[in-house]
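Participant: This is the structure I have questions about; it appears just below.
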Amino acid sequence: MSCKYFRAQRWNRFKESMKRPAIVVVDMQMWFTHVGSPLYFSEADRVADKIASFLEDIRGCDEVPVIFTKHVDMENGPMHRWWGNVLDEYSPYADIDRRFQGFAKYVVKKSTYDAFYNTLLDDILVKESIDTLIILGVRTHLCVDTTARSAFVRGYHVVVPCDGVADKPHDVHECALKNLAYGIAHIPPLDEVRRWLGIVL
């Protein structure tokens, strides 16, 4: 897949300095991927297959830890106030999609868009000596975007594969990728990330 926001020259300039990547899979929960869920959208279902295939390709590679986020709302928290609904920790929709069983080295619970806010994510990355985040998942303009920006200001290299994230509507997804590509993240296709990891590892 080609990606119109992928800047190969910039990618080639930076990728030699990206030594210790980790994969952060954002909110790939039944909340978005199960047809019966009130927040299901088909793009999340499709990207789940792509992410699972990508993770299968690097399975067993201990040098690249895989971290999943699990979103759980706080009663009367900012997400509840804005959206008017609550994803309870004990709801079956809070479960990570079954396609991802066995991939996660860590699962980080979060309660807002930013996977770093009031979580153990940064502690895990420091412990693992990570300098680069490959961010996959949903939704592009909310949790993916906010986590990418938070990673950038903390000094991490940020990679958001264009075909490894999903959102709706499509124009919102496109705007988020365009904005990230301008000053926050590299936006390569997953196949380019596969090639790069093959070299790095």
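Within each chain, counting starts at residue 1; across the structure tokens, chains are named A, B, ... in the order shown, with ligands numbered 1 upward in that order.
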Segment 113-180 of chain A near segment 36-56 of chain A within 7 Å: what's each residue's closest atom pair and its distance in Å to one decimal, counting only C-alpha atoms, ordered by chain then ascending residue number, as CSV?

Facilitator:
```
residue,atom,partner,partner_atom,distance
A:Val138,CA,A:Ala44,CA,6.8
A:Gly164,CA,A:Ile51,CA,6.1
A:Val165,CA,A:Val47,CA,6.5
A:Ala166,CA,A:Ala44,CA,5.7
A:Asp167,CA,A:Glu43,CA,6.6
```

Participant: Just the selected residues (N, CA and C atoms), exported as a compact mmCIF listing (two decimals), in the first residue's frame, please.

Facilitator:
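See part.txt below for the written result:
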```txt
# COMPACT_ATOMS: atom_id res chain seq x y z
N VAL A 138 -6.98 2.40 17.06
CA VAL A 138 -8.10 3.32 16.83
C VAL A 138 -8.20 4.30 18.01
N GLY A 164 -2.32 1.05 9.47
CA GLY A 164 -2.38 0.35 10.75
C GLY A 164 -3.24 1.05 11.77
N VAL A 165 -3.95 2.10 11.32
CA VAL A 165 -4.85 2.85 12.19
C VAL A 165 -6.17 3.06 11.44
N ALA A 166 -7.23 3.33 12.20
CA ALA A 166 -8.55 3.48 11.58
C ALA A 166 -9.40 4.48 12.34
N ASP A 167 -10.36 5.03 11.59
CA ASP A 167 -11.27 6.01 12.18
C ASP A 167 -12.50 6.13 11.29
```

Participant: Residues of segment 25-177 of chain A classed as strand (DSSP E) by DSSP on the backbone are to be reported as an MDAnalysis selection string.

Facilitator: chainID A and resid 25:26 66:71 106:110 132:138 157:159 165:166

Participant: For C-alpha atoms, I'd like the residues from the last selection saved as a CSV table (one decimal), in the first residue's frame.

Facilitator:
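This is the output file out-v7.csv:
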```
chain,number,residue,atom,x,y,z
A,25,VAL,CA,-1.6,-1.0,20.0
A,26,VAL,CA,-4.3,1.5,21.0
A,66,VAL,CA,4.2,-5.2,22.2
A,67,ILE,CA,2.0,-3.0,24.5
A,68,PHE,CA,-1.7,-2.9,24.3
A,69,THR,CA,-3.8,-0.1,25.8
A,70,LYS,CA,-7.2,-0.9,27.3
A,71,HIS,CA,-9.5,2.0,27.6
A,106,TYR,CA,2.1,-5.5,28.6
A,107,VAL,CA,-1.4,-4.2,28.9
A,108,VAL,CA,-1.8,-0.6,30.0
A,109,LYS,CA,-5.2,0.7,31.3
A,110,LYS,CA,-6.1,4.2,30.4
A,132,THR,CA,10.7,4.7,19.1
A,133,LEU,CA,7.0,4.0,19.2
A,134,ILE,CA,5.1,2.3,16.4
A,135,ILE,CA,1.5,3.2,17.2
A,136,LEU,CA,-1.4,1.2,15.8
A,137,GLY,CA,-5.1,1.0,16.5
A,138,VAL,CA,-8.1,3.3,16.8
A,157,HIS,CA,10.5,8.9,17.6
A,158,VAL,CA,6.9,8.3,16.5
A,159,VAL,CA,5.7,6.0,13.7
A,165,VAL,CA,-4.9,2.9,12.2
A,166,ALA,CA,-8.5,3.5,11.6
```

Participant: Under the rule that only C-alpha atoms are counted, which of A:Pro78, A:Pro161, A:Pro65, A:Gly183 is the nearest residue to Leu121 of chain A?

Facilitator: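 Of all the options, A:Pro65 lies closest to Leu121 of chain A.
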
Participant: Can you list, as a PDB file with C-alpha atoms, in the first residue's frame, all residues belonging to segment 9-174 of chain A that DSSP tags as alpha helix (DSSP H)?

Facilitator:
```pdb
ATOM      1  CA  GLN A   9      13.354  11.137   2.414  1.00  0.00           C
ATOM      2  CA  ARG A  10      12.581  12.101   6.001  1.00  0.00           C
ATOM      3  CA  TRP A  11      12.024   8.448   6.938  1.00  0.00           C
ATOM      4  CA  ASN A  12      15.390   7.434   5.475  1.00  0.00           C
ATOM      5  CA  ARG A  13      17.102  10.281   7.319  1.00  0.00           C
ATOM      6  CA  PHE A  14      15.678   9.304  10.688  1.00  0.00           C
ATOM      7  CA  MET A  30     -14.572  -5.218  21.381  1.00  0.00           C
ATOM      8  CA  TRP A  31     -16.044  -1.753  21.979  1.00  0.00           C
ATOM      9  CA  PHE A  32     -14.950  -0.909  18.421  1.00  0.00           C
ATOM     10  CA  THR A  33     -14.525  -4.267  16.679  1.00  0.00           C
ATOM     11  CA  SER A  42     -16.235  -1.543  10.059  1.00  0.00           C
ATOM     12  CA  GLU A  43     -12.874   0.183   9.581  1.00  0.00           C
ATOM     13  CA  ALA A  44     -11.830  -0.940  13.070  1.00  0.00           C
ATOM     14  CA  ASP A  45     -12.738  -4.518  12.199  1.00  0.00           C
ATOM     15  CA  ARG A  46     -10.671  -4.387   9.005  1.00  0.00           C
ATOM     16  CA  VAL A  47      -7.637  -2.780  10.618  1.00  0.00           C
ATOM     17  CA  ALA A  48      -7.731  -5.421  13.378  1.00  0.00           C
ATOM     18  CA  ASP A  49      -6.941  -8.071  10.763  1.00  0.00           C
ATOM     19  CA  LYS A  50      -4.045  -6.006   9.398  1.00  0.00           C
ATOM     20  CA  ILE A  51      -2.589  -5.396  12.844  1.00  0.00           C
ATOM     21  CA  ALA A  52      -2.924  -9.057  13.825  1.00  0.00           C
ATOM     22  CA  SER A  53      -1.092 -10.074  10.643  1.00  0.00           C
ATOM     23  CA  PHE A  54       1.672  -7.570  11.349  1.00  0.00           C
ATOM     24  CA  LEU A  55       2.079  -8.805  14.933  1.00  0.00           C
ATOM     25  CA  GLU A  56       2.142 -12.399  13.741  1.00  0.00           C
ATOM     26  CA  ASP A  57       5.034 -11.515  11.441  1.00  0.00           C
ATOM     27  CA  PRO A  78     -13.911  13.862  31.071  1.00  0.00           C
ATOM     28  CA  MET A  79     -14.739  11.148  28.532  1.00  0.00           C
ATOM     29  CA  HIS A  80     -18.058  10.414  30.243  1.00  0.00           C
ATOM     30  CA  ARG A  81     -18.936  14.110  30.368  1.00  0.00           C
ATOM     31  CA  TRP A  82     -18.123  14.605  26.687  1.00  0.00           C
ATOM     32  CA  TRP A  83     -19.585  11.428  25.173  1.00  0.00           C
ATOM     33  CA  LEU A 121       3.303   3.438  29.791  1.00  0.00           C
ATOM     34  CA  ASP A 122       6.303   5.741  30.116  1.00  0.00           C
ATOM     35  CA  ASP A 123       7.729   3.645  32.972  1.00  0.00           C
ATOM     36  CA  ILE A 124       7.491   0.536  30.774  1.00  0.00           C
ATOM     37  CA  LEU A 125       9.207   2.279  27.854  1.00  0.00           C
ATOM     38  CA  VAL A 126      12.036   3.511  30.064  1.00  0.00           C
ATOM     39  CA  LYS A 127      12.448   0.043  31.577  1.00  0.00           C
ATOM     40  CA  ASP A 145      -3.283  11.209  17.647  1.00  0.00           C
ATOM     41  CA  THR A 146      -3.137  12.264  21.305  1.00  0.00           C
ATOM     42  CA  THR A 147      -0.814   9.407  22.252  1.00  0.00           C
ATOM     43  CA  ALA A 148       1.461  10.167  19.287  1.00  0.00           C
ATOM     44  CA  ARG A 149       1.742  13.812  20.289  1.00  0.00           C
ATOM     45  CA  SER A 150       2.378  12.898  23.899  1.00  0.00           C
ATOM     46  CA  ALA A 151       5.127  10.508  22.814  1.00  0.00           C
ATOM     47  CA  PHE A 152       6.714  13.182  20.628  1.00  0.00           C
ATOM     48  CA  VAL A 153       6.932  15.768  23.410  1.00  0.00           C
ATOM     49  CA  HIS A 170     -12.789   8.939   6.518  1.00  0.00           C
ATOM     50  CA  ASP A 171     -12.067  12.667   6.191  1.00  0.00           C
ATOM     51  CA  VAL A 172     -11.339  12.898   9.931  1.00  0.00           C
ATOM     52  CA  HIS A 173      -8.925   9.967   9.611  1.00  0.00           C
ATOM     53  CA  GLU A 174      -7.196  11.654   6.665  1.00  0.00           C
TER      54      GLU A 174
END
```

Participant: How many Å lie between atom CA of Arg98 of chain A and atom CA of Val35 of chain A, rounded to one decimal?

Facilitator: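 Separation of atom CA of Arg98 of chain A and atom CA of Val35 of chain A: 13.5 Å.
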
Participant: Could you check which of A:Val64, A:Val72, A:Ala181, A:Ala8 is closest to Ser129 of chain A, using only C-alpha atoms?

Facilitator: A:Val64

Participant: Can you work out which one of A:Leu142, A:Tyr90, A:Asp62, A:Gly77 has the shortest atom-to-atom distance to Lys105 of chain A, counting only C-alpha atoms?

Facilitator: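 For Lys105 of chain A, the nearest of the candidates is A:Asp62.
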
Participant: Can you work out which one of A:Arg154, A:Phe100, A:Met28, A:Ile58 has the shortest atom-to-atom distance to Gly198 of chain A, counting only C-alpha atoms?

Facilitator: A:Ile58

Participant: A:Cys162, A:Cys175, A:Leu180, A:Met74: which is nearest Val193 of chain A, counting only C-alpha atoms?

Facilitator: A:Cys162

Participant: For Pro189 of chain A, list every protein, DNA or RNA residue within 10 Å, evaluated using only C-alpha atoms, and leave out those in the same chain fewer than 2 positions away; present the list as a list in words.

Facilitator: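 Using only C-alpha atoms, the neighbours found are Met1, Ser2, Cys3, Lys4, Tyr5, Phe6, Val159, Val160, Pro161, Cys162, Asp163, Gly164, His186, Ile187, Asp191, Glu192, Val193 and Arg194 of chain A.
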
Participant: Of the candidates A:Val86, A:Leu190, A:Val144, A:Leu177, which one gets nearest to Phe116 of chain A if we count only C-alpha atoms?

Facilitator: A:Val144
